[in-house]
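What follows is a single structure, written as structure tokens, with notes after it.
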Amino acid sequence: MALKTFRPTTPSLRQLVLVDRSHLWKGAPVKALTEGKRKTGGRNNYGRITTRHIGGGHKQTYRKIDFRRSKRDVAGKVERLEYDPNRTAFIALIKYSDDTLGYILAPQRLAEGDTVIAAEKADVKPGNAMQLASMPIGTIVHNIELKPGAGGKIARSAGSYGQLVGRDAGWAVLRLNSGETRRVRAECMATVGAVSNPDHMNEVVGKAGRTRWKGTRPTVRSITMNPVDHPNGGRTNGGKHWATPWGKPTKGYKTRKNKSTDKYIIRSRHASK
């Protein structure tokens, strides 16, 4: 996969760096595998803004991705790779041997014409999905379930992956991109390979307008505000710690409160490396 740069005929093109998507399908997605998507503007069902800096952006159609890999023991052929505006990864259109169609996350090194299958046991090749209990130690995986049958939850964004580093008494031990090591039930499904589009992190937006196309509104820096508007306001960073608009510390403050799943984390991503 390559990155594209442009001749500097305008100031924004001078800086712009994009992922080359020339190998992807140029047409529309399969209509039966899509549904409408409405903009929220960051507002909840009461009309109150719960996530700031969201608004505008290009109209998008949601593609239904099979994160569960629900088509078991049926081989499928990769018809094409497609761009998905709803995620950083590319997606693959699969045509199964019973003539049904479905979208899955496209892993790296998956190409048009390849065959994939989801089964309890399968060959260890990109795109095949199976239980963690059936994989050899050291396998690179993505779209990892946290509960059997609940669908993939971990390692779904561009370039992400986890590595199976061990098994113990019905549990699989995974090392994640973040550096965290955690346990997952060995019956959980995962897909072999790392997620496609690893060069996404090397993109350079080039101009503010491109960020607006993606639905992100401008962010005002807290230090430029007045003290009445923000805890960091007043043009000084001395005398108090950096905080959110609601006064919660932002540097070194632990925000994880899900103690019920702490027992599954063997090594925290914050542990010294």
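Chain labels follow the order of the structure tokens: the first chain is A, the next B, and so on; residue numbering restarts at 1 in every chain, and ligands are counted from 1 in their shown order.
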Members of segment 45-201 of chain A assigned strand (DSSP E or B) by DSSP, as number ranges by chain: A: 49, 54, 62-63, 65, 72, 76-82, 91-96, 101-105, 107, 115-116, 118, 129-131, 140-142, 144-145, 152-154, 162-168, 171-176, 181-185, 189-192, 195
Include C-alpha atoms and write out the residues we just selected as an mmCIF file, in the first residue's frame.
```cif
data_model
loop_
_atom_site.group_PDB
_atom_site.id
_atom_site.type_symbol
_atom_site.label_atom_id
_atom_site.label_comp_id
_atom_site.auth_asym_id
_atom_site.auth_seq_id
_atom_site.Cartn_x
_atom_site.Cartn_y
_atom_site.Cartn_z
ATOM 1 C CA ILE A 49 -24.527 17.964 23.395
ATOM 2 C CA ILE A 54 -19.215 17.032 16.059
ATOM 3 C CA TYR A 62 -23.745 2.729 6.791
ATOM 4 C CA ARG A 63 -22.365 -0.620 5.603
ATOM 5 C CA ILE A 65 -20.296 -5.465 8.630
ATOM 6 C CA ARG A 72 -19.966 -20.756 9.634
ATOM 7 C CA GLY A 76 -16.597 -17.502 0.540
ATOM 8 C CA LYS A 77 -14.749 -15.736 -2.273
ATOM 9 C CA VAL A 78 -13.561 -12.143 -2.035
ATOM 10 C CA GLU A 79 -15.460 -10.290 -4.763
ATOM 11 C CA ARG A 80 -13.804 -6.904 -4.159
ATOM 12 C CA LEU A 81 -12.280 -4.570 -1.593
ATOM 13 C CA GLU A 82 -14.185 -1.375 -0.804
ATOM 14 C CA ILE A 91 -13.897 -3.755 3.916
ATOM 15 C CA ALA A 92 -14.219 -6.835 1.717
ATOM 16 C CA LEU A 93 -17.346 -8.050 -0.068
ATOM 17 C CA ILE A 94 -17.618 -11.828 0.314
ATOM 18 C CA LYS A 95 -19.727 -14.056 -1.937
ATOM 19 C CA TYR A 96 -20.366 -17.358 -0.176
ATOM 20 C CA LEU A 101 -23.224 -11.728 0.158
ATOM 21 C CA GLY A 102 -21.661 -10.143 3.225
ATOM 22 C CA TYR A 103 -19.127 -7.528 4.266
ATOM 23 C CA ILE A 104 -16.182 -8.271 6.576
ATOM 24 C CA LEU A 105 -13.238 -6.187 7.723
ATOM 25 C CA PRO A 107 -7.145 -7.779 6.689
ATOM 26 C CA THR A 115 -11.138 -17.645 -0.361
ATOM 27 C CA VAL A 116 -12.059 -17.180 3.306
ATOM 28 C CA ALA A 118 -15.232 -19.014 9.377
ATOM 29 C CA ALA A 129 -11.958 -16.803 11.390
ATOM 30 C CA MET A 130 -11.838 -19.467 14.098
ATOM 31 C CA GLN A 131 -11.787 -19.946 17.828
ATOM 32 C CA ILE A 140 -1.612 -12.318 14.666
ATOM 33 C CA VAL A 141 -5.384 -11.701 14.925
ATOM 34 C CA HIS A 142 -7.994 -8.947 14.733
ATOM 35 C CA ILE A 144 -11.479 -10.391 18.571
ATOM 36 C CA GLU A 145 -14.546 -11.305 20.603
ATOM 37 C CA GLY A 152 -15.608 -8.850 17.442
ATOM 38 C CA LYS A 153 -14.900 -5.915 19.742
ATOM 39 C CA ILE A 154 -11.092 -5.569 19.869
ATOM 40 C CA GLY A 162 -3.466 -8.557 18.718
ATOM 41 C CA GLN A 163 -1.139 -11.515 19.188
ATOM 42 C CA LEU A 164 -2.043 -14.811 20.805
ATOM 43 C CA VAL A 165 0.806 -15.352 23.294
ATOM 44 C CA GLY A 166 -0.514 -18.225 25.393
ATOM 45 C CA ARG A 167 -3.364 -20.409 26.638
ATOM 46 C CA ASP A 168 -4.218 -21.465 30.157
ATOM 47 C CA TRP A 171 -8.399 -18.925 28.571
ATOM 48 C CA ALA A 172 -6.426 -17.363 25.733
ATOM 49 C CA VAL A 173 -3.799 -14.733 26.547
ATOM 50 C CA LEU A 174 -3.579 -11.828 24.083
ATOM 51 C CA ARG A 175 -1.070 -9.019 23.733
ATOM 52 C CA LEU A 176 -2.734 -5.949 22.226
ATOM 53 C CA THR A 181 -1.918 -8.208 27.982
ATOM 54 C CA ARG A 182 -5.324 -9.677 28.820
ATOM 55 C CA ARG A 183 -7.242 -12.937 29.059
ATOM 56 C CA VAL A 184 -10.157 -13.877 26.794
ATOM 57 C CA ARG A 185 -12.154 -17.110 26.762
ATOM 58 C CA MET A 189 -13.688 -16.112 17.677
ATOM 59 C CA ALA A 190 -11.002 -14.005 16.049
ATOM 60 C CA THR A 191 -9.898 -13.385 12.469
ATOM 61 C CA VAL A 192 -6.355 -14.121 11.304
ATOM 62 C CA VAL A 195 -6.469 -4.973 9.845
#
```
Selection: 12 Å around Thr216 of chain A, only C-alpha atoms, excl. self and same-chain fewer than 4 positions, as an NGL selection string: :A and (39 or 41-42 or 51-58 or 208-212)
What separation in Å, quoted to one decimal, exists between atom CA of Ser268 of chain A and atom CA of Glu180 of chain A?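 Calculated distance between atom CA of Ser268 of chain A and atom CA of Glu180 of chain A is 4.9 Å.
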Run DSSP on the backbone and tell me which residues of segment 1-125 of chain A come out as alpha helix (DSSP H); list them as a ChimeraX atom specification. /A:11-15
Suppose you want the space between atom CA of Ala155 of chain A and atom CA of Ala89 of chain A; what is it in Å?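 So the two atoms, atom CA of Ala155 of chain A and atom CA of Ala89 of chain A, lie 10.6 Å apart.
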Can you work out the spacing between atom CA of Trp242 of chain A and atom CA of Lys254 of chain A in Å, to one decimal?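 That distance, rounded to one decimal, is 13.9 Å.
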Just checking: using only C-alpha atoms, which residue out of A:Gly36, A:Gly238, A:Pro11, A:Gly127 ends up closest to Thr61 of chain A? A:Gly36
Given only C-alpha atoms as the basis, pick out the residue of A:Pro8, A:Gly247, A:Pro29, A:Gly159 nearest to Asn177 of chain A.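 With only C-alpha atoms as the atom set, the closest residue is A:Gly159.
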One residue among A:Gln15, A:Asn44, A:Thr255, A:Ser157 is nearest to Pro198 of chain A when using only C-alpha atoms, and that residue is A:Ser157
Residues near Ser222 of chain A, cut-off 6 Å, only C-alpha atoms, skip fewer than 3 positions along chain, as number ranges by chain: A: 225, 232-233
